[in-house]
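Below you'll find the structure, written out as structure tokens, and then a few comments.
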Amino acid sequence: MARGGEPVLETAGLGLTIGGARILSGVDLRVGRGELVGVIGPNGAGKTTLFNLISGLYRPTSGRVLLDGRDVTAASVAVRARAGLGRTFQTSSLFPRLSVAENVRLATQRRLGGSLSVLSFPRRGDAASAEAAEHLVTVGLTHRTDAAAGDLSHGDKRKLEIAVLLAMDSSVVLLDEPMAGVATGDVAGLVEVIRSINASGRTVLMVEHHMDVVLGLADRVAVLHHGELLTCDVPERVMTDETVQSAYLGTTAGSAA
Amino acid sequence: ACAPTGASSTGGSGDDENAAPIDVGIVYSESGPLAAYGAAYKQGFEAGIDHATDGTGTVAGHELNVTFHDDAGDPEKAVSQAKDLIGKGYQILGGTVVSGVALPLAEQAEQNKVLYVSGPAAVDTLTGLNRYTFRSGRQSLQDVAAAGTFVDPKGAKVVVFAQDNAFGQGNLAAVEGVLGGQGAEVSSVLVPEDATEFTPFAKKVLDAGADMVFVAWAGATTGAMWQGLDQQGVLDETTVVTGLGDVATYGAYGDAAEKVSFLNHYFPGAAGTETETAMLDAVEAAGGTPDLFTPDGFVAAQMIVHAVEEGAGDVEAMVDALEGYTFEGPKGETTVRATDHALIQPMYQAKLVKDGDTWTPELVEVIDGESVAPAEVTE
Amino acid sequence: MSTLILLLATGLGLGGLYFLVASGLSLIYGLMGVLNFAHGSFLTLGAFVGLAAGNLVGAGTWGGLLLGLLVGALTGAAAATATELGLIRPLYNRHIEQVLVTVGLSLATVALFEGIWGPNPRNVTRTDWLASTTDVLGAHVPNTAFLNVLAAAAVLGGIVAFLRYTRYGLIIRAGVENRAMVTALGIDVRQAFTLVFAVGGAAAGLGGVLATQSLNYVSPHMGASLLIFAFIVTVIGGMGSLTGAAVASVVVAVLQQLANFYLNNTGDLIVVLLLALVLLVRPSGLMGRPA
Amino acid sequence: MNRVTTRLGGLALLVLLGCLPLLAIPVPGVLPGYTYEPGTLQLLALCWLTAALALSYHLLFGVAGLMSFGHALYFAAGIYGLAIVLDRTDVPLLPAAALVLVGGVALAFVVGAISLRVTGISFAMVTLAFAQAGNVLVRRDQGDLTGGEEGLALATDGVPAALVGVVNTRNLYWLALVVLLFVYLVVLWIERSRAGHVAAAVRENEVRVRIIGGRPYLTKLVVFVLAASLATVVGMAYLLLQSGASPATSTADFTLTLLVMVVLGGVGSRWGAVVGAVLYTLLDQRLAELAHSEAVAGLPAVLRIPLSEPMFLLGTCFVLVVLFLPGGLAGAAARLAARRRPGSDQDGSGPASGVPAPEGAVA
Amino acid sequence: MSGPNVLEVRGLSARIAGQEVVHDVSFEVPASGVTAVLGRNGVGKTSTLRAILGLVERSGEVLLDGVRVDGERTDRIVRRGVGYVPEDREVFAGLTVAENLRLAERSGATAHGTTPERRELVDALFPDLVKRAGQRAGTLSGGQQQMVSLARALLNDNRILLVDEPTKGLAPRIVTEVAETLATAARTVPVLLVEQNLQVVERLAERVVVIDAGRVVHTGPARELLDDPDLVQRLLGVSAGSAGDEAEVGR
Ligand SMILES: Nc1ncnc2c1ncn2[C@@H]1O[C@H](COP(=O)(O)OP(=O)(O)OP(=O)(O)O)[C@@H](O)[C@H]1O
Ligand SMILES: Nc1ncnc2c1ncn2[C@@H]1O[C@H](COP(=O)(O)OP(=O)(O)OP(=O)(O)O)[C@@H](O)[C@H]1O
Ligand SMILES: [Mg+2]
Ligand SMILES: [Mg+2]
């Protein structure tokens with residue numbers, strides 16, 4: 001528990017078996033308030049699956065998920081989202097034919113209420129729109145406000161996802177490879193956004209293959225391998241762990257080859 | 001309106017050259033599922049106009065301007081056509097072979113006070129529906145009454161085998177009313193309209209042990225239904241009566257045909273009257289083929305010509321002229337009953353005989369019109 | 001008792017008929033994701049052309065029927081092939097548009113058939129055996145019921161064997177999973193998919209000719225009227241599962257027969273209820289793969 | 001500025017349409033006569049009501065991406081509901097209409113709640129099955145209520161005299177126009193409202209909506225019920241216009257024609273739905289005239305037979321639009337406008353193009 | 001590195017979902033050895049390979065043995081002797097291993113088809129697959145799936161192999177094995193290899209093509225690039241240390 005102390009997100013014996021295949025098993029992860037935890041592991045290790053289980057897209061076959069000490073294992077995605085859990089997707093998942101502003105607005109509007117009202121219009125000047133605009137400033141997308149989200153470049157889509165995440169104002173944020181596809185020049189800026197998300201007191205769980213990003217940001221690094229949590233420790237110790245080196249970084253094997 | 005100019009119709013031997021032409025709008029199925037009925041009706045109508053005006057197309061100096069309009073069997077289109085015609089000043093509408101179209105047209109006639117002479121649509125409710133609606137064909141009650149002539153209704157066990165729809169239920173009600181009233185014990189086997197497999201129902205009919213089975217069936221499944229009745233042995237066990245349809249259906253019975261007793265509205269040659277001969281000749285001369293509903297068109301023309309003769313330009317006068325009108329129709333003496341506009345006409349008993357590969361109807365007996373007249377409708 | 005046997009036997013026969021219509025539909029949907037509204041038209045066309053061919057040999061003879069079945073299947077296959085090449089292939093991967101195109105095609109073709117053959121049903125001459133019944137424990141079961149069940153079993157077996165044991169079957173099963181990758185192995189997967197359509201069309205054409213034997217008529221509308229039950233059967237069975245469609249065909253038909261007979265002609269309503277129930281309990285159908 | 005001109009244009013069009021019954025404009029080949037004639041007004045009124053119905057379907061399909069094959073059910077509910085209430089009770093028109101509307105909403109709620117449990121093609125099929133059940137009920141004439149295939153005439157006692165008879169076709173025309181305007185405004189309102197935006201979002205990406213804490217099921221249900229109630233309203237006006245109910249309005253084929261109209265006009269475009277519906281109705285009503293015309297009758301059979309079948313022409317037309325005009329008429333118009341506008345680098349991939357992605361993978 | 005080029009790409013562009021992701025790319029692959037395509041995530045490496053095969057919308061010229069093939073459909077191009085090992089293995093999960101391989105076999109009668117010798121070679125390379133012939137490919141481990149994917153390409157007597165990140169997500173031991181297999185294959189057939197693992201690149205590649213943002217930004221001998229840390233940093237964004245040494249750790 002680097003920061004905070006009491007765990008805000010906790011998984012206990014979390015496992016998923018699909019058609020007899022164990023995809024994830026016995027994951028015990030405790031993330032303290034305000035912490036930033038990096039999640040690494042080879043492709044197919046179960047990182048995205050872990051996020052799917054935490055956010056409620058998948059139901060676990062064993063174990064529990066606790067959010068702020070509350071058991072949300074049986075809760076729907078929407079309930080968890082409203083309880084303060086936000087996430088992004090490994091491959092961009094937006095509303096492609098809605099505008100950038102609308103993509104963000106839908107999240108602020110949901111939070112500010114009246115989302116299903118047929119009696120009120122979303123207006124440029126209302127609170128939801130104003131707040132949405134702020135988030136677009138934060139990620140630097142103001143110049144594309146009216147573009148359809150589907151027309152954005154890959155990197156811009158990633159930024160928009162972050163903006164939506166900010167709009168949800170979640171206290172726990174799951175980022176699935178936020179840097180994937182982001183141009184090198186933008187990486188630093190996005191790292192700063194993530195850092196500021198974390199600095200504003202939010203808890204961040206981040207899957208990322210860019211090791212320099214992970215090492216630069218993370219308080220602790222969790223390593224998943226074959227569906228199991230190998231370790232979750234400070235970066236220095238994780239990086240020197242032999243299993244990590246052989247299973248993920250491949251350094252030993254690489255030199256041997 | 002589209003006033004086709006005053007290109008003065010060379011009406012020929014008209015006595016009153018100045019009289020205005022009279023518009024007659026015929027809304028019928030030129031296309032759609034009942035186009036065959038529509039064709040027979042139209043041919044009959046044209047022959048009837050010819051016959052009733054002695055080939056002049058002119059009544060009391062008024063040239064008859066008959067226009068035909070396709071409703072494709074669709075009430076929506078028919079109502080649009082009717083409104084268009086009424087809007088253009090037509091006072092006489094006729095036609096339609098489909099009950100579902102005739103009723104809305106009758107409704108339009110009443111709302112707008114125009115004369116409407118409905119076509120072959122057999123639905124009973126048309127009779128006595130309103131002052132402006134007449135019919136030129138027979139109605140279901142007449143069919144049922146004709147069926148009653150095959151057995152002595154008193155104490156007889158009659159089973160109605162019909163589709164579970166308005167047509168079938170209407171027939172059941174008619175049988176209950178007509179034959180039940182004459183002392184028959186009426187029960188029914190109703191089959192879902194969309195069913196494609198009804199062998200078990202045929203067996204149910206058999207198990208009922210009826211003296212007479214009245215079959216009221218329409219649509220594509222007719223052939224299968226007869227085979228089903230035959231296969232389960234119903235036709236061998238009891239008298240089965242049904243209405244003989246148009247020429248196209250003669251083959252539908254297969255070998256069952258010989259075991260079925262047919263009541264009949266009309267088949268070419270059934271009446272043997274002079275008017276019928278005139279009608280048959282005229283239709284054939286025009287390249288048409290006489291059929292079940294040819295007389296309906298012919299009679300409609302006779303009625304309209306008579307109405308125009310008596311009350312051209314005045315709908316109320318035309319209605320009055322038709323009420324109680326008795327005339328020599330192709331089927332014989334025909335009367336428009338004054339009270340409810342039922343058309344009293346002879347009906348027939350017939351049988352089908354094999355003629356090589358095809359079947360031809362043969363007259364068994366003419367049924368007098370009065371004896372099968374429907375009960376009067378009183379408001 | 002004999003009534004119950006009659007109900008079950010005719011129900012099975014009807015189920016066979018439903019499956020004959022649904023098999024091609026289910027095949028095409030399962031493998032290509034195209035819900036083919038024009039399937040009824042393939043069926044109608046197969047029936048008309050097949051019967052015409054059969055009549056050349058002799059109406060009401062076995063030779064005529066066999067030729068009719070062959071020609072009907074070929075006609076259905078040809079129509080389906082033309083449809084796939086002309087309408088479906090250009091809309092590659094746009095499933096909604098593909099459905100819409102088949103909707104348009106079905107509207108147009110039914111009207112065209114009406115124009116060519118007239119709107120009214122025509123009666124069919126059957127062989128003496130097919131026009132008669134067989135005594136099963138006191139029930140006179142129409143022989144067409146046996147024909148339908150037999151034909152349905154043959155079609156089911158044939159399609160399953162085709163998919164399982166031929167190289168084309170292999171290509172198609174692989175193509176369903178990952179079309180691009182099959183192409184990348186040097187295989188013209190489009191041919192295989194045209195073949196799927198052709199096989200579905202052949203099943204429809206065959207079903208059309210067989211349907212005329214039990215319906216005892218052929219008309220421009222026969223395909224459309226059978227299609228709605230084929231749809232329901234396909235959904236209940238699980239979109240794309242042939243065995244599911246087979247099971248559902250029998251269940252639906254027998255239930256329909258029983259409800260029509262014992263429950264006051266409620267067969268159609270019961271079937272809709274069954275559909276709602278199945279989808280509420282198992283949204284992917286009886287044997288469908290979960291989404 | 002652009003928006004103002006569109007609005008002014010729309011208003012001018014509305015005024016023009018409103019004045020049609022007072023003008024004598026002939027449109028040969030399209031309309032049966034001058035615009036003030038009842039036949040023409042009837043046809044145009046039918047166009048407006050069909051357009052209103054298509055708009056309600058647009059709300060369902062174009063906005064929320066719900067491909068229903070059973071929308072006719074709610075239209076028929078309006079027609080038959082009002083016909084039955086007027087026939088069986090002495091309730092006057094307006095209260096009767098309110099009653100039927102409540103019934104329509106309840107029906108839509110129940111059917112929607114069940115069929116929205118599934119998505120994609122399955123949803124289409126379930127709605128189809130329910131509509132089919134409705135059609136069976138209507139045709140079976142249970143309890144003598146619906147008149148079976150013969151339909152039900154409008155009991156005119158409860159209806160104001162101004163809405164009865166050919167001489168009053170003009171009033172019915174205005175009624176139809178008002179209904180169209182009403183439905184248009186409601187659809188516009190819903191589309192612009194928060195719920196409308198969420199519905200569009202659900203169409204685009206349902207998982208995403210859940211992730212931001214939204215409730216896709218509820219959203220879809222709201223839109224479903226709203227679209228159905230609009231259809232019910234249109235149905236009631238249709239009853240008055242046709243002064244009768246016929247079972248054809250409850251068939252799946254009828255829903256399919258709605259689909260055809262919306263696709264013809266361009267999925268996702270309000271104007272597209274209106275134009276598609278008007279075009280379809282005109283073609284449907286007037287192609288028969290072409291089919292029976294002398295010109296066609298003189299052709300050889302290969303040409304005559306297809307040309308004399310209006311449905312064949314419509315179906316073919318539709319197939320061609322789907323194949324060659326993605327985005328329908330609205331899409332084509334947008335592309336044209338884009339080409340005309342200099343400096344525009346968008347090649348027509350406007351919001352109207354294409355069909356919404358099927359929800360629930362149809363892999 | 002002499003001799004005519006087996007593959008030439010001239011001015012190739014590729015569009016995905018209406019967006020151009022590869023712009024005007026040109027390079028050639030000599031008739032022997034491994035040519036590596038390098039670049040960061042999402043720069044268009046996979047898209048380039050797929051454009052060569054015609055799996056995505058493309059424009060520009062692709063010449064195979066001097067013959068233009070860019071107008072042809074994917075299956076025709078493949079039958080000209082192009083083996084493809086896709087990025088995510090893309091085995092047919094519902095089919096057995098044997099069926100996966102049978103599907104990949106091209107009639108030996110045609111040029112570049114499957115021959116009995118090839119079949120034996122593959123069996124010898126992957127004994128594990130022979131053992132698991134009846135197993136559904138979807139239940140295989142990632143490494144085994146990669147073997148199926150490679151075997152599919154090696155079954156035929158191809159003119160060239162296009163191999164996309166064959167080591168991605170594999171355990172280091174299997175990475176070594178795959179690298180060895182590719183080295184064996186490359187002795188008889190030229191390989192165009194997309195690879196992120198620079199150790200593997202160093203082990204196999206003779207030439208490199210570096211892509212950034214959909215454009216070729218560097219071509220040349222592999223050593224020239226890998227021996228120049230600045231160039232590696234600039235082109236691939238990999239910081240610190242030479243590629244052969246310790247992984248890119250460091251803060
Ligand atoms: N719905 C599913 N059905 C079957 N297998 C699944 C399913 N979802 C995931 N898997 C399997 O579970 C394993 C873990 O997948 P996951 O997506 O969590 O990996 P990951 O660690 O996120 O990998 P990457 O780094 O590639 O994103 C994989 O082998 C995958 O094939
Ligand atoms: N199906 C798709 N739809 C939309 N965009 C896509 C799609 N596939 C790829 N792209 C985009 O095309 C660009 C190039 O992708 P490509 O897969 O060729 O990159 P790559 O260099 O192979 O990356 P990686 O190293 O991650 O495999 C990326 O920006 C990606 O976002
Ligand atoms: Mg992942
Ligand atoms: Mg790649």
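Going through the structure tokens in order, the chains are called A, B, and so on, while each chain numbers its residues from 1 and the ligands are numbered from 1 in the order shown.
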Produce as a ChimeraX atom specification the set of residues near ligand 1, where near means within 7 Å with only C-alpha atoms and all ligand atoms considered.
-> /A:18,23,41-50,90,227
Residues of chain C within 6 Å of chain E, counting only C-alpha atoms, as a PDB file with N, CA and C atoms, in the first residue's frame:
```pdb
ATOM      1  N   ALA C 174     -14.382 -22.786 -42.192  1.00  0.00           N
ATOM      2  CA  ALA C 174     -13.277 -21.882 -41.879  1.00  0.00           C
ATOM      3  C   ALA C 174     -13.642 -20.447 -42.242  1.00  0.00           C
ATOM      4  N   THR C 183      -8.935 -16.540 -47.508  1.00  0.00           N
ATOM      5  CA  THR C 183      -8.433 -15.963 -48.747  1.00  0.00           C
ATOM      6  C   THR C 183      -6.915 -15.925 -48.741  1.00  0.00           C
ATOM      7  N   LEU C 185      -5.012 -17.889 -47.545  1.00  0.00           N
ATOM      8  CA  LEU C 185      -4.414 -19.203 -47.774  1.00  0.00           C
ATOM      9  C   LEU C 185      -4.503 -19.577 -49.248  1.00  0.00           C
ATOM     10  N   GLY C 186      -4.926 -18.635 -50.065  1.00  0.00           N
ATOM     11  CA  GLY C 186      -4.964 -18.881 -51.495  1.00  0.00           C
ATOM     12  C   GLY C 186      -6.243 -19.528 -51.978  1.00  0.00           C
ATOM     13  N   ILE C 187      -7.302 -19.390 -51.187  1.00  0.00           N
ATOM     14  CA  ILE C 187      -8.557 -20.015 -51.569  1.00  0.00           C
ATOM     15  C   ILE C 187      -9.557 -18.937 -51.934  1.00  0.00           C
ATOM     16  N   ASP C 188     -10.253 -19.121 -53.053  1.00  0.00           N
ATOM     17  CA  ASP C 188     -11.268 -18.142 -53.432  1.00  0.00           C
ATOM     18  C   ASP C 188     -12.523 -18.417 -52.624  1.00  0.00           C
TER      19      ASP C 188
END
```
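For the pair CA of Gly72 (chain C) and CA of Tyr217 (chain C), the interatomic distance is 15.1 Å.
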Within 8 Å of chain B: residues of chain D, using only C-alpha atoms, as a ChimeraX atom specification | /D:32-34,37-40,42-43,139-141,147-151,153,164-167,242-244,246,285,288
Enumerate, as a PyMOL selection string, the complete set of residues in region 16-259 of chain D that a backbone-based DSSP assignment places in helix (DSSP H, G or I).
-> chain D and resi 16-22+38-63+72-88+93-115+120-140+142-144+148-150+156-158+161-163+166-192+194-204+206-211+216-242+247-250+252-259
Distance query Arg270 (chain D) at most 10 Å, only C-alpha atoms, self and fewer than 3 positions along chain excluded, as a VMD selection string = chain D and resid 51 54 to 56 58 to 59 62 to 63 184 187 to 188 191 262 265 to 267 273 to 276 330 352
Output as a PyMOL selection string the set of chain D residues within 9 Å of chain A, with distances taken over only C-alpha atoms.
-> chain D and resi 189-215+218-219+222+351
For the residues selected in the previous step, produce a file with C-alpha atoms as a compact mmCIF listing (two decimals), in the first residue's frame.
```txt
# COMPACT_ATOMS: atom_id res chain seq x y z
CA TRP D 189 -37.78 17.10 -30.28
CA ILE D 190 -36.94 13.57 -29.16
CA GLU D 191 -33.97 13.36 -31.46
CA ARG D 192 -32.60 16.59 -30.03
CA SER D 193 -33.45 15.74 -26.46
CA ARG D 194 -31.09 14.12 -24.03
CA ALA D 195 -32.86 10.79 -24.38
CA GLY D 196 -32.48 11.03 -28.14
CA HIS D 197 -28.77 11.54 -27.82
CA VAL D 198 -28.46 8.59 -25.50
CA ALA D 199 -30.50 6.51 -27.97
CA ALA D 200 -28.12 7.41 -30.77
CA ALA D 201 -25.24 6.51 -28.48
CA VAL D 202 -26.82 3.14 -27.74
CA ARG D 203 -27.13 2.53 -31.46
CA GLU D 204 -23.46 3.33 -31.92
CA ASN D 205 -21.95 1.45 -29.03
CA GLU D 206 -24.01 -0.20 -26.39
CA VAL D 207 -21.12 -1.39 -24.23
CA ARG D 208 -19.77 2.15 -24.15
CA VAL D 209 -23.08 3.43 -22.84
CA ARG D 210 -23.00 0.95 -20.03
CA ILE D 211 -19.44 1.88 -19.18
CA ILE D 212 -20.37 5.51 -18.70
CA GLY D 213 -23.19 4.36 -16.45
CA GLY D 214 -26.10 4.59 -18.88
CA ARG D 215 -28.97 2.12 -19.23
CA LEU D 218 -34.30 1.53 -20.64
CA THR D 219 -33.27 3.96 -23.34
CA VAL D 222 -38.36 4.64 -24.05
CA PRO D 351 -24.45 11.71 -41.09
```
Env. residues ligand 4 / 8 Å / only C-alpha atoms and all ligand atoms / as an mmCIF file with C-alpha atoms, in the first residue's frame:
```cif
data_model
loop_
_atom_site.group_PDB
_atom_site.id
_atom_site.type_symbol
_atom_site.label_atom_id
_atom_site.label_comp_id
_atom_site.auth_asym_id
_atom_site.auth_seq_id
_atom_site.Cartn_x
_atom_site.Cartn_y
_atom_site.Cartn_z
ATOM 1 C CA ASN E 41 2.715 0.325 -32.861
ATOM 2 C CA GLY E 42 0.106 1.354 -35.324
ATOM 3 C CA GLY E 44 1.139 0.597 -40.627
ATOM 4 C CA LYS E 45 3.400 -2.430 -40.733
ATOM 5 C CA THR E 46 0.592 -4.927 -40.651
ATOM 6 C CA SER E 47 -1.397 -2.814 -43.056
ATOM 7 C CA GLU E 87 -0.225 -11.003 -36.792
ATOM 8 C CA ASP E 164 3.838 -10.627 -39.049
ATOM 9 C CA GLU E 165 5.126 -10.521 -35.493
ATOM 10 C CA VAL E 194 7.502 -7.685 -39.142
#
```
Once you count only C-alpha atoms, which residues of chain C turn out to be within 10 Å of chain B? Could you give them as a ChimeraX atom specification?
-> /C:2-11,13-14,111,114-115,118-125,131-134,139-142,145,212-219,221-222,225-226,253,256-258,260-261,264-268
Could you please tell me, as an MDAnalysis selection string, which residues of chain C have an atom within 9 Å of chain D when using only C-alpha atoms?
-> chainID C and resid 30:35 87 90:91 93:98 100:112 114:116 176:177 228 231:232 235 239 268:269 271:273 275:276 279:280 283:284 291
